[in-house]
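Shown next: final_31.csv, containing CSV, C-alpha atoms.
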```
chain,number,residue,atom,x,y,z
A,1,MET,CA,6.8,41.2,72.7
A,2,ASN,CA,10.1,41.6,74.4
A,3,THR,CA,13.5,42.7,73.0
A,4,ILE,CA,15.1,40.4,70.5
A,5,ILE,CA,18.7,39.6,69.6
A,6,ARG,CA,19.8,41.9,66.8
A,7,GLY,CA,22.7,42.5,64.4
A,8,LYS,CA,26.2,41.4,65.4
A,9,LYS,CA,25.1,39.6,68.5
A,10,LEU,CA,22.9,37.1,66.7
A,11,ALA,CA,25.3,36.8,63.8
A,12,ILE,CA,28.1,35.9,66.2
A,13,LEU,CA,25.8,33.4,68.0
A,14,LEU,CA,25.0,31.6,64.7
A,15,LEU,CA,28.5,31.8,63.2
A,16,SER,CA,30.2,30.4,66.3
A,17,SER,CA,28.3,27.2,66.0
A,18,CYS,CA,28.3,27.0,62.2
A,19,LEU,CA,24.5,27.3,62.3
A,20,SER,CA,23.4,29.2,59.3
A,21,ALA,CA,20.5,27.8,57.2
A,22,SER,CA,22.9,27.3,54.3
A,23,SER,CA,25.3,25.2,56.4
A,24,ILE,CA,22.5,23.0,57.4
A,25,LEU,CA,21.4,22.4,53.9
A,26,ALA,CA,25.0,21.7,52.8
A,27,PHE,CA,26.3,19.5,55.6
A,28,SER,CA,23.4,18.0,57.5
A,29,SER,CA,22.4,14.5,56.4
A,30,PRO,CA,19.1,13.0,57.7
A,31,ALA,CA,19.5,12.0,61.3
A,32,GLN,CA,19.9,8.4,62.2
A,33,ALA,CA,17.1,6.9,64.2
A,34,ALA,CA,17.6,7.9,67.8
A,35,GLU,CA,17.6,5.4,70.6
A,36,LEU,CA,14.0,5.0,71.9
A,37,CYS,CA,13.1,6.4,75.3
A,38,ALA,CA,11.0,4.7,78.0
A,39,LYS,CA,7.6,6.3,78.4
A,40,ASP,CA,8.2,7.4,81.9
A,41,LYS,CA,11.5,9.0,81.0
A,42,VAL,CA,10.3,11.4,78.3
A,43,TYR,CA,10.9,15.0,79.2
A,44,LEU,CA,8.3,17.3,77.7
A,45,VAL,CA,9.2,20.9,77.0
A,46,GLN,CA,7.2,23.8,75.7
A,47,SER,CA,9.3,26.8,74.7
A,48,GLY,CA,7.8,30.2,73.9
A,49,ARG,CA,8.1,33.9,74.8
A,50,GLY,CA,6.2,34.2,78.0
A,51,LEU,CA,3.0,33.1,79.8
A,52,GLU,CA,2.0,36.8,80.4
A,53,ASN,CA,0.9,36.6,76.7
A,54,PRO,CA,-2.6,35.0,76.8
A,55,TYR,CA,-1.9,33.1,73.6
A,56,TYR,CA,1.0,31.3,75.2
A,57,ALA,CA,-1.2,30.6,78.2
A,58,PHE,CA,-3.5,28.6,75.9
A,59,VAL,CA,-0.5,26.8,74.4
A,60,ASN,CA,0.6,25.8,77.8
A,61,LYS,CA,-2.8,24.7,78.8
A,62,GLY,CA,-2.9,22.3,75.9
A,63,ALA,CA,0.6,21.1,76.6
A,64,GLU,CA,-0.3,20.3,80.2
A,65,ALA,CA,-3.4,18.5,79.1
A,66,PHE,CA,-1.4,16.1,76.9
A,67,ALA,CA,1.2,15.6,79.5
A,68,LYS,CA,-1.4,14.6,82.0
A,69,SER,CA,-2.9,12.1,79.6
A,70,VAL,CA,0.4,10.2,79.6
A,71,ASN,CA,1.2,10.7,83.3
A,72,LEU,CA,4.0,13.2,82.7
A,73,LYS,CA,4.7,16.8,83.4
A,74,SER,CA,4.9,19.6,80.8
A,75,ASN,CA,7.8,21.9,81.5
A,76,TRP,CA,7.3,25.5,80.3
A,77,ILE,CA,10.4,27.6,79.6
A,78,SER,CA,10.1,31.3,78.7
A,79,SER,CA,12.5,32.9,76.3
A,80,GLU,CA,11.2,36.4,77.1
A,81,GLY,CA,11.9,37.4,73.5
A,82,ASP,CA,15.6,36.7,73.9
A,83,SER,CA,17.0,34.3,71.2
A,84,GLN,CA,20.3,33.6,73.0
A,85,LYS,CA,18.4,32.8,76.2
A,86,GLN,CA,16.1,30.4,74.3
A,87,LEU,CA,19.0,28.6,72.8
A,88,SER,CA,20.8,28.3,76.1
A,89,GLN,CA,17.7,27.0,77.8
A,90,ILE,CA,17.2,24.3,75.2
A,91,THR,CA,20.8,23.4,75.1
A,92,SER,CA,20.8,22.8,78.9
A,93,ILE,CA,17.7,20.6,78.7
A,94,VAL,CA,18.9,18.6,75.7
A,95,ASN,CA,22.3,17.9,77.3
A,96,GLU,CA,20.6,16.6,80.4
A,97,HIS,CA,17.8,14.5,78.9
A,98,LYS,CA,19.3,13.6,75.5
A,99,ASN,CA,17.1,11.4,73.3
A,100,CYS,CA,14.3,11.6,75.9
A,101,ALA,CA,13.9,15.4,75.4
A,102,VAL,CA,10.9,16.4,73.4
A,103,ILE,CA,11.0,20.1,72.6
A,104,ASN,CA,7.9,21.8,71.2
A,105,VAL,CA,9.3,25.3,70.4
A,106,ASP,CA,8.1,28.6,69.0
A,107,PRO,CA,11.5,30.0,67.9
A,108,ASN,CA,11.9,33.7,69.0
A,109,GLU,CA,13.2,34.3,65.5
A,110,SER,CA,13.4,32.2,62.4
A,111,ALA,CA,17.2,32.6,62.4
A,112,ILE,CA,17.6,30.8,65.7
A,113,LEU,CA,16.0,27.5,64.6
A,114,PRO,CA,19.1,26.0,62.9
A,115,ALA,CA,21.0,26.4,66.2
A,116,ILE,CA,18.2,24.7,68.1
A,117,LEU,CA,18.0,21.8,65.7
A,118,ASP,CA,21.8,21.2,65.7
A,119,VAL,CA,21.9,21.1,69.5
A,120,ALA,CA,19.1,18.6,69.5
A,121,LYS,CA,20.5,16.5,66.7
A,122,ALA,CA,23.8,16.0,68.6
A,123,LYS,CA,22.0,14.3,71.4
A,124,GLY,CA,19.1,12.6,69.5
A,125,ALA,CA,16.4,14.8,70.9
A,126,HIS,CA,13.1,15.5,69.2
A,127,VAL,CA,12.0,18.9,68.1
A,128,ILE,CA,8.6,20.0,67.0
A,129,VAL,CA,8.5,23.6,65.6
A,130,GLN,CA,5.6,26.1,65.7
A,131,TRP,CA,5.3,29.1,63.4
A,132,ASN,CA,8.9,30.1,62.6
A,133,ARG,CA,11.6,28.5,60.4
A,134,PRO,CA,14.0,29.9,57.8
A,135,LYS,CA,13.1,29.2,54.2
A,136,GLY,CA,14.5,25.9,53.1
A,137,VAL,CA,15.0,24.5,56.6
A,138,THR,CA,12.3,21.9,56.6
A,139,PRO,CA,11.8,18.5,58.3
A,140,LYS,CA,12.3,16.7,55.0
A,141,VAL,CA,15.6,18.5,54.3
A,142,TYR,CA,16.9,18.5,57.9
A,143,GLY,CA,16.1,14.9,58.9
A,144,ASP,CA,14.4,13.1,61.8
A,145,THR,CA,15.5,15.4,64.6
A,146,PHE,CA,13.1,17.9,63.1
A,147,VAL,CA,10.0,15.8,63.8
A,148,ALA,CA,7.4,18.1,62.5
A,149,PHE,CA,6.5,21.7,61.7
A,150,MET,CA,3.1,23.0,62.6
A,151,SER,CA,1.7,26.4,61.9
A,152,GLU,CA,-1.4,28.4,60.9
A,153,ASN,CA,-1.7,29.8,57.4
A,154,GLY,CA,-0.7,33.3,58.2
A,155,TYR,CA,-1.8,34.6,54.8
A,156,ASN,CA,-5.3,33.3,55.4
A,157,GLN,CA,-5.4,34.8,58.9
A,158,GLY,CA,-4.2,38.2,57.8
A,159,TYR,CA,-6.5,38.2,54.7
A,160,GLY,CA,-9.6,36.9,56.6
A,161,SER,CA,-9.3,39.5,59.4
A,162,ALA,CA,-8.6,42.3,56.9
A,163,ILE,CA,-11.7,41.4,54.8
A,164,ALA,CA,-13.8,41.6,57.9
A,165,LEU,CA,-12.3,45.0,58.7
A,166,LEU,CA,-12.7,46.4,55.2
A,167,LYS,CA,-16.3,45.2,55.0
A,168,ALA,CA,-17.1,46.8,58.4
A,169,MET,CA,-15.7,50.1,57.0
A,170,GLY,CA,-18.1,49.9,54.1
A,171,GLY,CA,-15.2,49.4,51.7
A,172,LYS,CA,-13.8,52.9,52.0
A,173,GLY,CA,-11.6,55.0,54.4
A,174,SER,CA,-8.1,54.7,55.7
A,175,ILE,CA,-6.4,52.3,58.0
A,176,VAL,CA,-3.1,51.8,59.9
A,177,ALA,CA,-1.4,48.5,60.4
A,178,LEU,CA,0.5,47.1,63.4
A,179,GLN,CA,2.9,44.3,62.5
A,180,GLY,CA,4.6,41.7,64.6
A,181,ILE,CA,8.3,40.9,64.8
A,182,LEU,CA,9.4,41.4,61.2
A,183,ASP,CA,11.6,38.3,61.1
A,184,ASN,CA,8.7,36.1,62.1
A,185,VAL,CA,7.1,34.1,59.3
A,186,PRO,CA,3.6,34.7,60.8
A,187,ALA,CA,4.1,38.4,60.8
A,188,GLN,CA,5.3,38.3,57.2
A,189,THR,CA,2.5,36.1,55.9
A,190,ARG,CA,-0.3,37.9,57.8
A,191,TYR,CA,0.8,41.2,56.4
A,192,ALA,CA,0.8,39.7,52.9
A,193,GLY,CA,-2.8,38.7,53.5
A,194,LEU,CA,-3.6,42.3,54.5
A,195,GLN,CA,-2.0,43.6,51.3
A,196,ALA,CA,-4.0,41.1,49.2
A,197,ALA,CA,-7.3,42.2,50.9
A,198,LEU,CA,-6.5,45.9,50.2
A,199,LYS,CA,-6.1,45.1,46.5
A,200,GLU,CA,-9.8,44.0,46.5
A,201,TYR,CA,-10.8,47.3,48.2
A,202,PRO,CA,-9.1,50.1,46.2
A,203,LYS,CA,-11.1,52.8,48.1
A,204,VAL,CA,-9.4,51.9,51.4
A,205,LYS,CA,-5.9,53.5,51.9
A,206,LEU,CA,-3.2,52.2,54.1
A,207,LEU,CA,-1.8,55.3,55.8
A,208,GLU,CA,1.1,53.6,57.5
A,209,GLN,CA,2.4,50.3,58.9
A,210,GLN,CA,5.0,49.7,61.6
A,211,THR,CA,6.0,46.9,63.9
A,212,ALA,CA,4.8,46.8,67.5
A,213,ASN,CA,6.7,43.5,68.1
A,214,TRP,CA,3.6,41.5,69.1
A,215,ASP,CA,3.4,43.7,72.3
A,216,GLN,CA,0.3,45.3,73.7
A,217,ASN,CA,2.1,48.3,75.4
A,218,GLU,CA,4.1,49.0,72.2
A,219,ALA,CA,0.9,48.8,70.2
A,220,GLN,CA,-0.9,51.3,72.4
A,221,LYS,CA,2.0,53.8,72.1
A,222,LEU,CA,2.3,53.3,68.4
A,223,THR,CA,-1.5,53.8,67.9
A,224,GLN,CA,-1.3,57.0,70.0
A,225,THR,CA,1.4,58.2,67.6
A,226,PHE,CA,-0.7,57.3,64.6
A,227,LEU,CA,-3.7,59.1,66.0
A,228,THR,CA,-1.6,62.2,66.7
A,229,LYS,CA,-0.2,62.1,63.2
A,230,TYR,CA,-3.4,61.2,61.2
A,231,GLY,CA,-6.3,62.1,63.5
A,232,LYS,CA,-9.7,61.5,62.0
A,233,LYS,CA,-8.2,60.0,58.8
A,234,ILE,CA,-7.9,56.7,60.6
A,235,THR,CA,-11.1,54.8,60.2
A,236,GLY,CA,-9.8,51.3,60.8
A,237,VAL,CA,-6.9,49.4,62.5
A,238,TRP,CA,-5.5,46.1,61.4
A,239,THR,CA,-3.2,44.3,63.8
A,240,ALA,CA,-1.2,41.1,63.4
A,241,ASN,CA,-2.2,39.7,66.8
A,242,ASP,CA,-4.8,40.3,69.5
A,243,SER,CA,-2.5,41.7,72.1
A,244,MET,CA,-1.5,44.5,69.7
A,245,GLY,CA,-5.2,44.9,68.9
A,246,LEU,CA,-6.0,45.4,72.6
A,247,GLY,CA,-3.3,48.0,72.8
A,248,ALA,CA,-4.7,49.8,69.7
A,249,LEU,CA,-8.2,49.7,71.2
A,250,ALA,CA,-7.0,51.3,74.5
A,251,ALA,CA,-5.4,54.1,72.5
A,252,LEU,CA,-8.5,54.7,70.5
A,253,LYS,CA,-10.7,54.7,73.6
A,254,ALA,CA,-8.4,57.3,75.2
A,255,LYS,CA,-9.0,59.6,72.2
A,256,LYS,CA,-12.8,58.8,72.3
A,257,ARG,CA,-12.5,57.1,68.9
A,258,THR,CA,-14.8,54.2,69.8
A,259,GLU,CA,-16.3,54.2,66.3
A,260,VAL,CA,-13.1,52.8,64.8
A,261,PRO,CA,-13.1,49.0,64.1
A,262,VAL,CA,-10.1,46.9,65.1
A,263,VAL,CA,-9.1,43.3,64.0
A,264,GLY,CA,-6.4,40.9,65.2
A,265,THR,CA,-5.4,37.3,65.3
A,266,ASP,CA,-5.0,34.8,68.2
A,267,GLY,CA,-8.6,34.3,69.4
A,268,LEU,CA,-7.9,35.5,72.9
A,269,THR,CA,-10.9,35.0,75.2
A,270,GLN,CA,-10.9,38.7,76.2
A,271,VAL,CA,-11.1,39.6,72.5
A,272,LEU,CA,-13.9,37.1,71.7
A,273,LYS,CA,-16.0,38.5,74.5
A,274,LEU,CA,-15.5,42.0,73.2
A,275,ILE,CA,-16.7,40.8,69.8
A,276,GLU,CA,-19.7,39.2,71.4
A,277,LYS,CA,-20.6,42.4,73.2
A,278,GLY,CA,-20.0,44.6,70.2
A,279,ASN,CA,-22.1,45.6,67.2
A,280,GLY,CA,-19.8,44.1,64.6
A,281,LYS,CA,-19.0,47.5,63.2
A,282,SER,CA,-16.8,49.2,65.8
A,283,GLY,CA,-14.4,48.3,68.5
A,284,PHE,CA,-12.9,44.8,68.3
A,285,ILE,CA,-14.9,43.2,65.4
A,286,ALA,CA,-12.9,40.1,64.3
A,287,THR,CA,-10.0,37.9,65.0
A,288,SER,CA,-8.5,34.7,63.5
A,289,VAL,CA,-8.7,31.9,66.1
A,290,PRO,CA,-5.6,29.8,66.0
A,291,GLY,CA,-5.4,26.5,67.9
A,292,GLY,CA,-3.1,27.6,70.7
A,293,ALA,CA,-4.1,24.7,72.9
A,294,VAL,CA,-4.0,22.3,69.9
A,295,GLN,CA,-0.4,23.4,69.1
A,296,GLY,CA,0.7,22.9,72.6
A,297,ALA,CA,-1.0,19.5,73.0
A,298,ILE,CA,-0.5,17.9,69.6
A,299,GLY,CA,3.0,19.3,69.2
A,300,LEU,CA,4.1,17.4,72.3
A,301,ALA,CA,2.0,14.4,71.4
A,302,ILE,CA,3.8,14.1,68.0
A,303,GLY,CA,7.2,14.4,69.7
A,304,TYR,CA,6.3,12.0,72.5
A,305,GLN,CA,5.2,9.3,70.0
A,306,ALA,CA,8.5,9.8,68.0
A,307,ALA,CA,10.5,9.5,71.2
A,308,ILE,CA,8.9,6.2,72.3
A,309,GLY,CA,8.8,4.8,68.8
A,310,THR,CA,5.1,4.7,68.0
A,311,HIS,CA,5.5,7.3,65.3
A,312,ASN,CA,8.1,6.6,62.7
A,313,VAL,CA,9.4,10.0,61.6
A,314,ALA,CA,11.5,8.6,58.7
A,315,THR,CA,8.5,7.1,56.9
A,316,ALA,CA,5.8,9.6,57.9
A,317,LYS,CA,3.6,11.1,55.2
A,318,PRO,CA,4.4,14.7,54.1
A,319,GLU,CA,1.3,16.0,55.7
A,320,TYR,CA,2.5,14.7,59.1
A,321,ARG,CA,5.9,16.4,58.8
A,322,ALA,CA,4.8,20.0,57.9
A,323,PHE,CA,1.2,21.2,58.0
A,324,TYR,CA,-1.2,24.1,58.6
A,325,LEU,CA,-4.2,24.0,60.9
A,326,LYS,CA,-7.5,25.2,59.5
A,327,THR,CA,-8.2,28.9,59.6
A,328,ASN,CA,-11.2,30.2,61.6
A,329,ILE,CA,-12.2,33.8,61.5
A,330,ALA,CA,-14.3,34.8,64.5
A,331,THR,CA,-16.9,37.6,63.9
A,332,LYS,CA,-20.2,38.7,65.4
A,333,ALA,CA,-21.9,36.1,63.2
A,334,ASN,CA,-20.2,33.0,64.6
A,335,ILE,CA,-19.0,34.3,68.0
A,336,LYS,CA,-21.1,32.1,70.3
A,337,ALA,CA,-19.8,28.8,69.1
A,338,THR,CA,-16.3,30.1,68.8
A,339,LEU,CA,-16.3,31.5,72.4
A,340,ALA,CA,-17.6,28.3,73.9
A,341,LEU,CA,-14.7,26.3,72.4
A,342,ALA,CA,-12.1,29.0,73.3
A,343,GLU,CA,-13.1,29.1,76.9
A,344,ASP,CA,-12.3,25.4,77.4
A,345,PRO,CA,-10.6,23.8,74.4
A,346,VAL,CA,-9.2,20.9,76.3
A,347,PRO,CA,-12.3,18.6,76.0
A,348,ALA,CA,-12.1,19.0,72.2
A,349,LEU,CA,-8.5,17.7,72.1
A,350,ASN,CA,-8.3,14.2,70.6
A,351,PHE,CA,-5.2,12.3,71.7
A,352,ASN,CA,-6.5,9.1,70.1
A,353,ASP,CA,-6.1,10.6,66.7
A,354,ILE,CA,-3.5,13.3,66.9
A,355,TRP,CA,-3.5,13.8,63.1
A,356,SER,CA,-7.1,14.9,63.0
A,357,VAL,CA,-5.9,18.5,63.3
A,358,VAL,CA,-4.0,18.4,60.0
A,359,GLY,CA,-5.1,20.8,57.4
A,360,ASP,CA,-3.0,21.7,54.3
A,361,VAL,CA,0.5,20.6,53.7
A,362,VAL,CA,3.1,23.4,54.1
A,363,PRO,CA,4.9,23.6,50.7
A,364,GLU,CA,8.6,22.7,50.8
A,365,ASN,CA,9.5,26.0,49.0
A,366,LEU,CA,8.1,28.1,51.8
```
Write-out of the structure in C-alpha cells:
Amino acid sequence: MNTIIRGKKLAILLLSSCLSASSILAFSSPAQAAELCAKDKVYLVQSGRGLENPYYAFVNKGAEAFAKSVNLKSNWISSEGDSQKQLSQITSIVNEHKNCAVINVDPNESAILPAILDVAKAKGAHVIVQWNRPKGVTPKVYGDTFVAFMSENGYNQGYGSAIALLKAMGGKGSIVALQGILDNVPAQTRYAGLQAALKEYPKVKLLEQQTANWDQNEAQKLTQTFLTKYGKKITGVWTANDSMGLGALAALKAKKRTEVPVVGTDGLTQVLKLIEKGNGKSGFIATSVPGGAVQGAIGLAIGYQAAIGTHNVATAKPEYRAFYLKTNIATKANIKATLALAEDPVPALNFNDIWSVVGDVVPENL
C-alpha cells in the first residue's frame, strides 16, 4: 500500500492534539450520549486506503448496499496510505455533520486512531473501527463515541493459510514471508499465526521476512529480490494479504517457478478463481476470506443505529462493542461454495439482524 506518515511527522501530529493513547486513557471519560440524528440526516462515511485495492472495493460494495437499504448514500474517502490526510478528511466531515456523522474507518496506522476518536468526540460523531487500534484504546475504555471495533482474528488467518501452505509443501522445504504495514495489528497477528504454524513443521525453514506494505507492486519487487538471493531454496511463499500474494505470484512466473505454492488473505475474487483453476499444490493455493462486504455494511449499520438511537451504545453487550468475524480459509477443497459467495456477497447480508455476524469477543487486553 502507499506511503505512510513516519517518525517526527506523525509524532508532531499526535502531540499537537494531545492524542497519544496514554492521554486518552488518562483524561477521556466515557462520552455523554450524543443528541440523536434524524434518519434522513445521517451522513455515512467509509474511510480506507483506496478503491484500487480489490479488498476495499468489496468493503465499499457492502457499505453502498447498507446505505441503499436506508435510502442514504455511502461516501467513500481514500486516505491513500497517508495518516495525516485521513485525519484531515475525517475532521472536515465531522465538523460539518457533527452528531449525524457515522464514520466506518480502517485507520491507516493504529497510532492515528486516538486523533480520529477525539475529533469525533468533540462533535458527538459515531466511529466504528475496522482492524487497527492501539493496545488499550477500546470502546469500553474510550466511551460511546467509539461505537464498536470489528476485525478478523488475524492470528487465525495467518495460521490457517500457513498450515495450508506447509501441508502443500509436504511439511518440508523453505519459505519467504511478505508482511503488511508493520504498525498494523492485522499484519502483526497474521505473522504471529505464521510463526505458530512453523513451530508445528520444524522441517520447514523461514529464509527471510520483510514488509511489502500490503502493496502488489512492492511484493513483486521484493519476491524478485528473494528469488535472486535464494533461488531454488524457495519452495513456498506466505503473504499477509492477497494483493501481495499476486505480486509474489507474478515474480515467480517471470522466473518460471510455477511449482511454488503461494498463500494470502483477503479472499479476492481473482485469487479464488486461481485456486479454483489450480491443483491445490502450486500457484495460489489458499487464502483467508474476510468479510469485506460485511465490514462495510455492518460497520455502517451499527453506527447508523447508534446515531438514530435504536442501538444504545452505553448498555450494549461486550460482544457488540468489540468482536471478531469468523475465520474462513478457502482452499481447493471448499472453493466452489466460497467463490459463489465472494462473487456476490450482498444477498447474504442481513440488515434485519446485524449482530448475526458476531464471532468471538475481542479481549480487552489486546
task = Could you give me, as an MDAnalysis selection string, the residues that sit within 9 Å of (8.3, 26.2, 58.1) in the file's coordinates, counting all atoms listed in the file?
result = chainID A and resid 110 129:139 149:151 185 322:323 362:364 366
Could you work out an axis-aligned box for range 203-213 of chain A, taking every atom the file lists and adding 3 Å on each side, and report centre and edge lengths in Å to one decimal, as JSON?
```
{"center_x": -2.2, "center_y": 49.4, "center_z": 58.1, "size_x": 23.8, "size_y": 17.8, "size_z": 26.0}
```
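Among the candidate residues A:Lys172, A:Lys336, A:Asn350, A:Leu182, the one lying nearest to Lys233 in chain A is A:Lys172, with distances computed using all atoms listed in the file.
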ask   = Which residue out of A:Pro54, A:Gly231, A:Gly278, A:Gly81 has the minimum interatomic distance to Lys256 in chain A when only C-alpha atoms are used?
value = A:Gly231
ask   = Please, which residues are within 10 Å of (5.2, 41.4, 63.7) by the file's coordinates, counting only C-alpha atoms, and could they come as a PyMOL selection string?
value = chain A and resi 1+178-191+210-215+239-241+244
query = Pick the closest to Lys41 in chain A from A:Lys98, A:Lys121, A:Lys85, A:Lys68: which is it, counting only C-alpha atoms?
reply =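 Closest to Lys41 in chain A of all the choices is A:Lys98.
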message = Let me make sure I understand: among A:Pro345, A:Gly154, A:Pro202, A:Pro290, which one has the smallest atom-to-atom distance to Asn328 in chain A if we use all atoms listed in the file?
response =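 Checking each candidate against Asn328 in chain A, we get A:Pro290 as the closest.
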ask   = Between A:Ile163, A:Leu274, A:Leu268, A:Ala122, which one has atoms that come closest to Gly292 in chain A, using all atoms listed in the file?
value =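 Ranked by minimum distance to Gly292 in chain A, first place goes to A:Leu268.
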inquiry  = When you look at Ala337 in chain A with a cut-off of 12 Å (counting all atoms listed in the file), what residues show up, excluding the ones that are within fewer than 4 positions of it in the same chain? I need them as a PyMOL selection string.
reply    = chain A and resi 272-273+276+289+328-333+341-345
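Between CA of Ser288 in chain A and CA of Ala57 in chain A the interatomic distance comes to 16.9 Å.
Take the candidates A:Val102, A:Ile175, A:Ala162, A:Val119 and check each one against Gly264 in chain A using all atoms listed in the file; the shortest distance goes to A:Ala162.
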